[in-house]
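Asks: Can you read through this structure? Questions will come right after.
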Amino acid sequence: MTHLKSREAILFGAILGLLLVVATRFPGFVAPENLIAVFTDTSPLIVLAMGQMAVILTRCIDLSVAANLALTGMVCAMINVAAPDLPVGVILTVALAMGAMLGAINGILVWKLSIPPIVVTLGTMTIFRGIIFLLTEGKWINAHEMSPQFTGFPRADLLGMPVLGWIAVLVSAVMLLAMARTTLGRSIYAVGGNPHAAVYTGIDVGKTQFAAFVISGMLAGLTGYLWVARYSVAYVDIAGGFELDVVAACVIGGVSIAGGAGTVVGTLLGALFLGVVKNALPVVDISPFWQLAISGAAIIIAVAFNAQSGRTKGRVILKSAEHAQ
Amino acid sequence: MKFTKLMTSVAVAAGLFAGPVAADDMRIALVVKALGIGFFEAAAEGAEEAAKEIGGVEIIYTGPTDTTAEGQIEVINSLIAQKVDAIAVSANDTDALVPTLKKAMQRGITVVSWDSGVAEDGRQAHLNPSSNALIGNMIIKLAADHLPDGGEVAVLSATTTSTNQNIWIEEMTKVMGNYSGIEVVSTVYGDDLADKSYREATGLMQSHPELDAIIAPTSVGIVAAAQAVADAGKIGQVNVTGLGLPSEMAGAIESGASKSFAIWNPIDLGYSATMLAHQLATEAATAAPGAEISIGRMGTITLDDTNAAAMADPFVYDSSNIDDFKEIF
């Protein structure tokens with residue numbers, strides 16, 4: 001436990017260090033308003049990473065989150081075009097429900113047909129994008145077609161921070177509580193930590209994985225609406241490739257790809273680390289040709305750190321046996 | 001047997017189509033990528049305008065129902081059978097249409113391509129909506145027009161490897177000398193992703209507080225930059241311009257984040273393609289490298305070594321005309 005704490009402390013330190021380095025080149029970056037803007041900009045990543053974390057903890061992976069986001073976002077935009085006066089609450093409900101449904105499709109395939117999650121979600125990723133194309137024939141839904149309340153919701157200011165940022169805070173808080181204090185949360189850890197042991201304690205592994213996919217899908221759906229509203233545009237390719245950022249955020253945050261290990265706080269910090277890098281690169285005046293390489297290097301360094309601290313932790317289950325050797 | 005049958009049906013079909021048309025009418029077929037696309041419907045409107053101006057010309061606006069080369073070949077074969085005088089085609093495939101179009105030319109039909117070209121063998125001339133040099137000049141002119149006293153502008157491009165954007169930016173750099181006082185302070189890349197473009201635009205406004213305009217020669221970038229400017233509360237301070245589609249930019253024009261932007265005008269394009277086809281079909285002009293051909297109100301075009309020509313500067317869209325075009329494309 002102390003090791004986990006220290007891993008997060010290292011990441012937190014890395015983020016602070018990064019902010020300091022950026023501040024030497026562009027002092028305005030660490031101004032409170034800008035930090036809030038960076039947090040808000042990172043919010044979609046945080047929300048998606050929370051769902052992804054639950055999935056990865058159960059030894060699965062969800063590559064369809066960005067496609068789910070795009071499809072749900074497009075459907076929300078289409079509903080808004082068809083019924084501009086529909087309150088945002090209804091749109092949010094639709095987004096959550098539809099995202100959960102798409103996640104449930106992944107979950108069912110993994111649970112009932114025992115197909116490897118990477119294959120399932122690789123498939124549904126393409127299918128979801130394909131469905132958007134079928135729905136729209138490749139056409140865009142643009143800012144002037146959306147109602148002001150639809151696009152205004154995520155950027156509405158609440159106590160100095162846009163609603164989008166507060167949603168990330170809320171989702172993180174709920175996940176923190178759920179992972180630590182609910183039966184489902186504990187089962188998710190148990191299933192990933194040792195599936196066989198989990199079965200013996202009466203946990204249904206498949207069902208738990210299904211639940212994780214539903215959570216991930218639901219959060220992806222929510223982000224779908226927020227994304228479309230924030231950028232005021234919906235088309236087939238929105239958030240293309242974003243699933244990799246989401247997985248990267250989890251991995252940087254110390255979520256083990258092998259399942260069972262990882263925390264909500266770590267994931268939050270992992271997403272923030274990526275968010276700071278993404279927002280800092282445009283302002284520190286680094287050649288765009290270097291930016292991709294720098295982003296990638298940052299991820300690898302962060303993960304290397306994690307692997308290092310993960311290794312020292314080890315899994316000593318019999319202290320006496322170790323000493324006996 | 002089969003052949004005679006075919007010939008008969010063709011003759012019948014030709015008779016049916018030719019019926020109401022006066023014998024001396026010239027028939028120009030405008031073949032588009034697919035029917036039902038706003039851009040091409042607008043081009044057809046332009047073609048009709050040209051026909052009216054010339055007089056004695058009938059426009060046959062046609063195309064397949066989906067954007068396939070096979071569909072276009074079928075359509076062109078039936079036009080050959082109808083013995084039209086000219087075919088102006090926006091091709092779904094550069095090479096696939098060549099054999100069919102060659103057959104048309106062998107039968108004395110004038111063939112030109114426009115918008116999306118066919119290989120040199122398959123047409124007498126090709127009309128590009130614009131040229132790289134004209135586009136490069138236009139994007140900086142759009143920004144400079146609203147900065148009479150000069151100012152700082154930045155470019156938000158697609159990816160570092162996007163050929164089109166890189167050529168346009170290069171062409172823009174060549175003519176920078178004509179716009180004194182305008183300084184390009186930075187070129188950033190949004191990778192044609194809404195979120196990255198948005199972030200890059202935000203970054204530009206932060207690192208260059210005096211920024212006056214963002215030029216985005218890409219449709220994803222220009223929309224994202226306009227949104228970023230609106231969200232930063234810098235409408236009126238930073239003008240977003242570049243290349244975009246009216247349907248996608250209507251919101252930005254309305255909010256004032258973008259004062260103007262450019263893209264080809266489909267009406268002008270249909271008009272010019274018809275004029276070009278008419279000029280060649282009546283042998284008022286011949287398609288040869290260096291030939292200058294008059295295309296009515298759009299002025300004169302000059303064919304290059306590949307018998308291709310650029311129509312005109314991209315057309316500028318602003319608050320005065322956006323409403324007419326946002327439903328079209």
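Lettering and numbering for the structure tokens are positional, with chains as A, B, ... in the shown order, residues counted from 1 in each chain, and ligands counted from 1 in the shown order.
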Using only C-alpha atoms and a cut-off of 6 Å, which residues of chain A sit close to chain B? Please list them as a list in words.
Replies: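 That gives Asn142, Ala143, His144, Pro282 and Val283 of chain A for chain A.
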Asks: Just the selected residues (N, CA and C atoms), exported as a PDB file, in the first residue's frame, please.
Replies:
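Written output follows (result-v6.pdb):
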```pdb
ATOM      1  N   ASN A 142     -23.001  20.568 -37.731  1.00  0.00           N
ATOM      2  CA  ASN A 142     -22.173  21.739 -37.444  1.00  0.00           C
ATOM      3  C   ASN A 142     -22.769  22.646 -36.376  1.00  0.00           C
ATOM      4  N   ALA A 143     -21.923  23.571 -35.938  1.00  0.00           N
ATOM      5  CA  ALA A 143     -22.279  24.461 -34.833  1.00  0.00           C
ATOM      6  C   ALA A 143     -23.639  25.133 -35.025  1.00  0.00           C
ATOM      7  N   HIS A 144     -23.896  25.665 -36.243  1.00  0.00           N
ATOM      8  CA  HIS A 144     -25.129  26.446 -36.405  1.00  0.00           C
ATOM      9  C   HIS A 144     -26.375  25.574 -36.374  1.00  0.00           C
ATOM     10  N   PRO A 282       2.004  23.075 -27.258  1.00  0.00           N
ATOM     11  CA  PRO A 282       1.750  24.188 -28.185  1.00  0.00           C
ATOM     12  C   PRO A 282       2.310  25.532 -27.709  1.00  0.00           C
ATOM     13  N   VAL A 283       2.454  25.741 -26.402  1.00  0.00           N
ATOM     14  CA  VAL A 283       2.868  27.072 -25.938  1.00  0.00           C
ATOM     15  C   VAL A 283       4.372  27.200 -25.670  1.00  0.00           C
TER      16      VAL A 283
END
```
Asks: Give me the residues near Glu41 in chain B as a PyMOL selection string, where near means some atom within 9 Å (using only C-alpha atoms) and where sequence neighbours in that chain fewer than 4 positions away do not count.
Replies: chain B and resi 35-37+45-46+61+266-267+328
Asks: Please, what distance in Å, to one decimal, runs between CA of Leu164 in chain A and CA of Arg230 in chain A?
Replies: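 Computing the Euclidean distance for CA of Leu164 in chain A and CA of Arg230 in chain A yields 8.6 Å.
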Asks: Can you list, as a list in words, every protein, DNA or RNA residue that comes within 10 Å of Thr93 in chain A when you count only C-alpha atoms, leaving out same-chain residues fewer than 5 positions away?
Replies: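 The filter keeps Val88, Met98, Gly99, Gly221 and Leu222 of chain A.
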Asks: CA of Ile222 in chain B and CA of Ser157 in chain B are how many Å apart?
Replies: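 Rounded to one decimal, the two atoms are 8.9 Å apart.
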Asks: Would you pick out the contacts of Asn239 in chain B at 8 Å or less, using only C-alpha atoms, so that residues sharing its chain but fewer than 6 positions from it are not included, and give the list as an mmCIF file with C-alpha atoms, in the first residue's frame?
Replies:
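In the end it all went to around02.cif:
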```cif
data_model
loop_
_atom_site.group_PDB
_atom_site.id
_atom_site.type_symbol
_atom_site.label_atom_id
_atom_site.label_comp_id
_atom_site.auth_asym_id
_atom_site.auth_seq_id
_atom_site.Cartn_x
_atom_site.Cartn_y
_atom_site.Cartn_z
ATOM 1 C CA ALA B 143 -6.295 37.698 -43.294
ATOM 2 C CA ASP B 212 -4.703 39.182 -35.022
ATOM 3 C CA ALA B 213 -5.621 36.260 -37.224
ATOM 4 C CA ILE B 214 -5.397 32.492 -37.498
ATOM 5 C CA ALA B 257 -15.197 34.363 -34.883
ATOM 6 C CA SER B 258 -14.574 34.241 -38.626
ATOM 7 C CA LYS B 259 -15.094 37.331 -40.775
#
```
Asks: As a PyMOL selection string, list the residues of range 99-284 of chain B assigned to strand (DSSP E) by DSSP on the backbone atoms of this structure.
Replies: chain B and resi 110-114+125-128+151-157+182-189+211-216+239-242+260-263
Asks: The selected residues should be written to file as an mmCIF file, in the first residue's frame (atoms: N, CA and C atoms).
Replies:
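Now in result.cif:
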```
data_model
loop_
_atom_site.group_PDB
_atom_site.id
_atom_site.type_symbol
_atom_site.label_atom_id
_atom_site.label_comp_id
_atom_site.auth_asym_id
_atom_site.auth_seq_id
_atom_site.Cartn_x
_atom_site.Cartn_y
_atom_site.Cartn_z
ATOM 1 N N THR B 110 -17.096 16.065 -77.494
ATOM 2 C CA THR B 110 -16.096 16.817 -76.741
ATOM 3 C C THR B 110 -16.120 16.348 -75.287
ATOM 4 N N VAL B 111 -14.947 16.025 -74.737
ATOM 5 C CA VAL B 111 -14.910 15.564 -73.345
ATOM 6 C C VAL B 111 -13.983 16.463 -72.523
ATOM 7 N N VAL B 112 -14.540 17.033 -71.467
ATOM 8 C CA VAL B 112 -13.700 17.762 -70.517
ATOM 9 C C VAL B 112 -13.991 17.211 -69.125
ATOM 10 N N SER B 113 -12.998 17.282 -68.247
ATOM 11 C CA SER B 113 -13.267 16.938 -66.856
ATOM 12 C C SER B 113 -13.157 18.216 -66.030
ATOM 13 N N TRP B 114 -13.817 18.237 -64.889
ATOM 14 C CA TRP B 114 -13.787 19.414 -64.016
ATOM 15 C C TRP B 114 -13.849 18.927 -62.576
ATOM 16 N N ALA B 125 -9.574 18.500 -72.044
ATOM 17 C CA ALA B 125 -9.078 19.524 -71.132
ATOM 18 C C ALA B 125 -9.640 19.251 -69.746
ATOM 19 N N HIS B 126 -8.949 19.777 -68.729
ATOM 20 C CA HIS B 126 -9.445 19.626 -67.362
ATOM 21 C C HIS B 126 -9.494 20.992 -66.692
ATOM 22 N N LEU B 127 -10.568 21.206 -65.952
ATOM 23 C CA LEU B 127 -10.718 22.484 -65.265
ATOM 24 C C LEU B 127 -10.610 22.276 -63.759
ATOM 25 N N ASN B 128 -9.527 22.788 -63.178
ATOM 26 C CA ASN B 128 -9.387 22.758 -61.722
ATOM 27 C C ASN B 128 -10.145 23.934 -61.134
ATOM 28 N N GLY B 151 -0.267 43.264 -38.959
ATOM 29 C CA GLY B 151 -0.502 42.552 -37.715
ATOM 30 C C GLY B 151 0.117 41.182 -37.732
ATOM 31 N N GLU B 152 -0.103 40.461 -36.611
ATOM 32 C CA GLU B 152 0.467 39.119 -36.478
ATOM 33 C C GLU B 152 -0.560 38.075 -36.882
ATOM 34 N N VAL B 153 -0.143 37.170 -37.747
ATOM 35 C CA VAL B 153 -1.016 36.054 -38.098
ATOM 36 C C VAL B 153 -0.263 34.755 -37.855
ATOM 37 N N ALA B 154 -1.027 33.678 -37.632
ATOM 38 C CA ALA B 154 -0.423 32.369 -37.434
ATOM 39 C C ALA B 154 -1.156 31.367 -38.310
ATOM 40 N N VAL B 155 -0.481 30.319 -38.695
ATOM 41 C CA VAL B 155 -1.088 29.305 -39.549
ATOM 42 C C VAL B 155 -1.360 28.055 -38.721
ATOM 43 N N LEU B 156 -2.598 27.559 -38.824
ATOM 44 C CA LEU B 156 -2.958 26.282 -38.201
ATOM 45 C C LEU B 156 -3.205 25.300 -39.333
ATOM 46 N N SER B 157 -2.269 24.373 -39.523
ATOM 47 C CA SER B 157 -2.372 23.467 -40.665
ATOM 48 C C SER B 157 -2.933 22.116 -40.242
ATOM 49 N N ILE B 182 2.204 42.435 -42.540
ATOM 50 C CA ILE B 182 1.643 41.163 -42.057
ATOM 51 C C ILE B 182 2.796 40.226 -41.744
ATOM 52 N N GLU B 183 2.791 39.729 -40.516
ATOM 53 C CA GLU B 183 3.882 38.860 -40.100
ATOM 54 C C GLU B 183 3.325 37.501 -39.673
ATOM 55 N N VAL B 184 3.865 36.428 -40.263
ATOM 56 C CA VAL B 184 3.452 35.089 -39.842
ATOM 57 C C VAL B 184 4.323 34.697 -38.650
ATOM 58 N N VAL B 185 3.719 34.633 -37.459
ATOM 59 C CA VAL B 185 4.516 34.427 -36.249
ATOM 60 C C VAL B 185 4.734 32.964 -35.926
ATOM 61 N N SER B 186 3.864 32.097 -36.456
ATOM 62 C CA SER B 186 4.003 30.691 -36.094
ATOM 63 C C SER B 186 3.211 29.821 -37.058
ATOM 64 N N THR B 187 3.654 28.599 -37.247
ATOM 65 C CA THR B 187 2.879 27.606 -37.988
ATOM 66 C C THR B 187 2.748 26.388 -37.102
ATOM 67 N N VAL B 188 1.501 26.012 -36.803
ATOM 68 C CA VAL B 188 1.285 24.868 -35.926
ATOM 69 C C VAL B 188 0.426 23.837 -36.652
ATOM 70 N N TYR B 189 0.410 22.631 -36.119
ATOM 71 C CA TYR B 189 -0.262 21.532 -36.797
ATOM 72 C C TYR B 189 -1.313 20.888 -35.897
ATOM 73 N N LEU B 211 -1.864 38.334 -31.263
ATOM 74 C CA LEU B 211 -2.283 37.674 -32.501
ATOM 75 C C LEU B 211 -3.558 38.307 -33.072
ATOM 76 N N ASP B 212 -3.545 38.558 -34.391
ATOM 77 C CA ASP B 212 -4.703 39.182 -35.022
ATOM 78 C C ASP B 212 -5.526 38.206 -35.852
ATOM 79 N N ALA B 213 -4.867 37.190 -36.380
ATOM 80 C CA ALA B 213 -5.621 36.260 -37.224
ATOM 81 C C ALA B 213 -4.992 34.873 -37.198
ATOM 82 N N ILE B 214 -5.855 33.868 -37.336
ATOM 83 C CA ILE B 214 -5.397 32.492 -37.498
ATOM 84 C C ILE B 214 -5.846 32.037 -38.883
ATOM 85 N N ILE B 215 -4.887 31.574 -39.672
ATOM 86 C CA ILE B 215 -5.210 31.076 -41.008
ATOM 87 C C ILE B 215 -5.183 29.556 -40.959
ATOM 88 N N ALA B 216 -6.319 28.928 -41.218
ATOM 89 C CA ALA B 216 -6.379 27.465 -41.205
ATOM 90 C C ALA B 216 -6.815 26.967 -42.580
ATOM 91 N N ASN B 239 -9.202 36.971 -35.766
ATOM 92 C CA ASN B 239 -10.068 36.587 -36.879
ATOM 93 C C ASN B 239 -9.594 35.242 -37.417
ATOM 94 N N VAL B 240 -10.525 34.285 -37.499
ATOM 95 C CA VAL B 240 -10.164 32.970 -38.033
ATOM 96 C C VAL B 240 -10.544 32.922 -39.505
ATOM 97 N N THR B 241 -9.612 32.539 -40.346
ATOM 98 C CA THR B 241 -9.913 32.477 -41.763
ATOM 99 C C THR B 241 -9.149 31.319 -42.384
ATOM 100 N N GLY B 242 -9.332 31.115 -43.677
ATOM 101 C CA GLY B 242 -8.688 29.989 -44.346
ATOM 102 C C GLY B 242 -9.645 29.321 -45.303
ATOM 103 N N SER B 260 -14.414 36.038 -42.706
ATOM 104 C CA SER B 260 -14.571 35.498 -44.050
ATOM 105 C C SER B 260 -13.672 34.293 -44.215
ATOM 106 N N PHE B 261 -14.012 33.439 -45.162
ATOM 107 C CA PHE B 261 -13.152 32.303 -45.507
ATOM 108 C C PHE B 261 -13.410 32.005 -46.974
ATOM 109 N N ALA B 262 -12.664 31.061 -47.515
ATOM 110 C CA ALA B 262 -12.795 30.816 -48.939
ATOM 111 C C ALA B 262 -12.881 29.333 -49.257
ATOM 112 N N ILE B 263 -13.480 29.046 -50.358
ATOM 113 C CA ILE B 263 -13.474 27.710 -50.961
ATOM 114 C C ILE B 263 -14.044 27.926 -52.366
#
```
Asks: Residues at most 7 Å from Leu219 in chain A, counting only C-alpha atoms, excluding those fewer than 5 positions away in the same chain, as a VMD selection string?
Replies: chain A and resid 47 to 48 51 96 99
Asks: Can you tell me, as a PyMOL selection string, what residues are no more than 7 Å from Ala69 in chain B when counting only C-alpha atoms, ignoring any on the same chain fewer than 2 positions away?
Replies: chain B and resi 67+71-73+92-93+96-97
Asks: Could you jot down the CA of Ile59 in chain B to CA of Thr286 in chain B separation for me, Å, one decimal place?
Replies: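 Computing the Euclidean distance for CA of Ile59 in chain B and CA of Thr286 in chain B yields 21.3 Å.
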Asks: List the spatial neighbours of Met105 in chain B as a list in words - criterion: any atom at most 10 Å away, only C-alpha atoms, same-chain residues fewer than 2 positions off excluded.
Replies: Ile80, Ala86, Ile87, Pro99, Thr100, Leu101, Lys102, Lys103, Arg107, Gly108, Ile109, Thr110, Val111, Gly122, Arg123 and Gln124 of chain B
Asks: Include N, CA and C atoms and write out the residues we just selected as a PDB file, in the first residue's frame.
Replies:
```pdb
ATOM      1  N   ILE B  80     -23.290   8.587 -74.748  1.00  0.00           N
ATOM      2  CA  ILE B  80     -22.698   8.358 -76.072  1.00  0.00           C
ATOM      3  C   ILE B  80     -23.797   7.900 -77.023  1.00  0.00           C
ATOM      4  N   ALA B  86     -21.272  17.259 -75.988  1.00  0.00           N
ATOM      5  CA  ALA B  86     -20.127  17.387 -75.093  1.00  0.00           C
ATOM      6  C   ALA B  86     -20.449  16.737 -73.753  1.00  0.00           C
ATOM      7  N   ILE B  87     -19.402  16.213 -73.130  1.00  0.00           N
ATOM      8  CA  ILE B  87     -19.549  15.639 -71.793  1.00  0.00           C
ATOM      9  C   ILE B  87     -18.561  16.364 -70.879  1.00  0.00           C
ATOM     10  N   PRO B  99     -11.231   4.534 -70.823  1.00  0.00           N
ATOM     11  CA  PRO B  99     -11.649   3.833 -72.046  1.00  0.00           C
ATOM     12  C   PRO B  99     -12.995   4.328 -72.575  1.00  0.00           C
ATOM     13  N   THR B 100     -13.957   4.509 -71.660  1.00  0.00           N
ATOM     14  CA  THR B 100     -15.283   4.942 -72.068  1.00  0.00           C
ATOM     15  C   THR B 100     -15.233   6.353 -72.661  1.00  0.00           C
ATOM     16  N   LEU B 101     -14.479   7.228 -72.015  1.00  0.00           N
ATOM     17  CA  LEU B 101     -14.407   8.610 -72.496  1.00  0.00           C
ATOM     18  C   LEU B 101     -13.666   8.678 -73.834  1.00  0.00           C
ATOM     19  N   LYS B 102     -12.669   7.777 -74.003  1.00  0.00           N
ATOM     20  CA  LYS B 102     -11.966   7.705 -75.296  1.00  0.00           C
ATOM     21  C   LYS B 102     -12.961   7.364 -76.399  1.00  0.00           C
ATOM     22  N   LYS B 103     -13.826   6.395 -76.096  1.00  0.00           N
ATOM     23  CA  LYS B 103     -14.836   5.979 -77.064  1.00  0.00           C
ATOM     24  C   LYS B 103     -15.703   7.184 -77.434  1.00  0.00           C
ATOM     25  N   ARG B 107     -16.167   9.237 -81.182  1.00  0.00           N
ATOM     26  CA  ARG B 107     -17.440   9.506 -81.867  1.00  0.00           C
ATOM     27  C   ARG B 107     -17.673  10.999 -82.026  1.00  0.00           C
ATOM     28  N   GLY B 108     -16.662  11.788 -81.770  1.00  0.00           N
ATOM     29  CA  GLY B 108     -16.792  13.221 -82.013  1.00  0.00           C
ATOM     30  C   GLY B 108     -17.386  14.005 -80.857  1.00  0.00           C
ATOM     31  N   ILE B 109     -17.491  13.377 -79.696  1.00  0.00           N
ATOM     32  CA  ILE B 109     -18.031  14.096 -78.539  1.00  0.00           C
ATOM     33  C   ILE B 109     -16.880  14.813 -77.825  1.00  0.00           C
ATOM     34  N   THR B 110     -17.096  16.065 -77.494  1.00  0.00           N
ATOM     35  CA  THR B 110     -16.096  16.817 -76.741  1.00  0.00           C
ATOM     36  C   THR B 110     -16.120  16.348 -75.287  1.00  0.00           C
ATOM     37  N   VAL B 111     -14.947  16.025 -74.737  1.00  0.00           N
ATOM     38  CA  VAL B 111     -14.910  15.564 -73.345  1.00  0.00           C
ATOM     39  C   VAL B 111     -13.983  16.463 -72.523  1.00  0.00           C
ATOM     40  N   GLY B 122      -8.017  10.590 -71.279  1.00  0.00           N
ATOM     41  CA  GLY B 122      -9.465  10.453 -71.258  1.00  0.00           C
ATOM     42  C   GLY B 122     -10.224  11.751 -71.431  1.00  0.00           C
ATOM     43  N   ARG B 123      -9.553  12.856 -71.670  1.00  0.00           N
ATOM     44  CA  ARG B 123     -10.287  14.123 -71.813  1.00  0.00           C
ATOM     45  C   ARG B 123      -9.464  15.087 -72.662  1.00  0.00           C
ATOM     46  N   GLN B 124     -10.153  16.098 -73.194  1.00  0.00           N
ATOM     47  CA  GLN B 124      -9.424  17.085 -73.994  1.00  0.00           C
ATOM     48  C   GLN B 124      -8.826  18.176 -73.106  1.00  0.00           C
TER      49      GLN B 124
END
```
Asks: For the structure I just gave you, how does DSSP split range 108-212 of chain A - specifically, which residues are helix (DSSP H, G or I)? Reply as a PyMOL selection string.
Replies: chain A and resi 108-112+117-136+143-145+148-152+163-181+183-193+195-200+205-212
Asks: Could you check the closest approach to Gly181 in chain B for each of B:Asp324, B:Gly38, B:Ala232, B:Ala144 and tell me which residue wins, using only C-alpha atoms?
Replies: B:Ala144
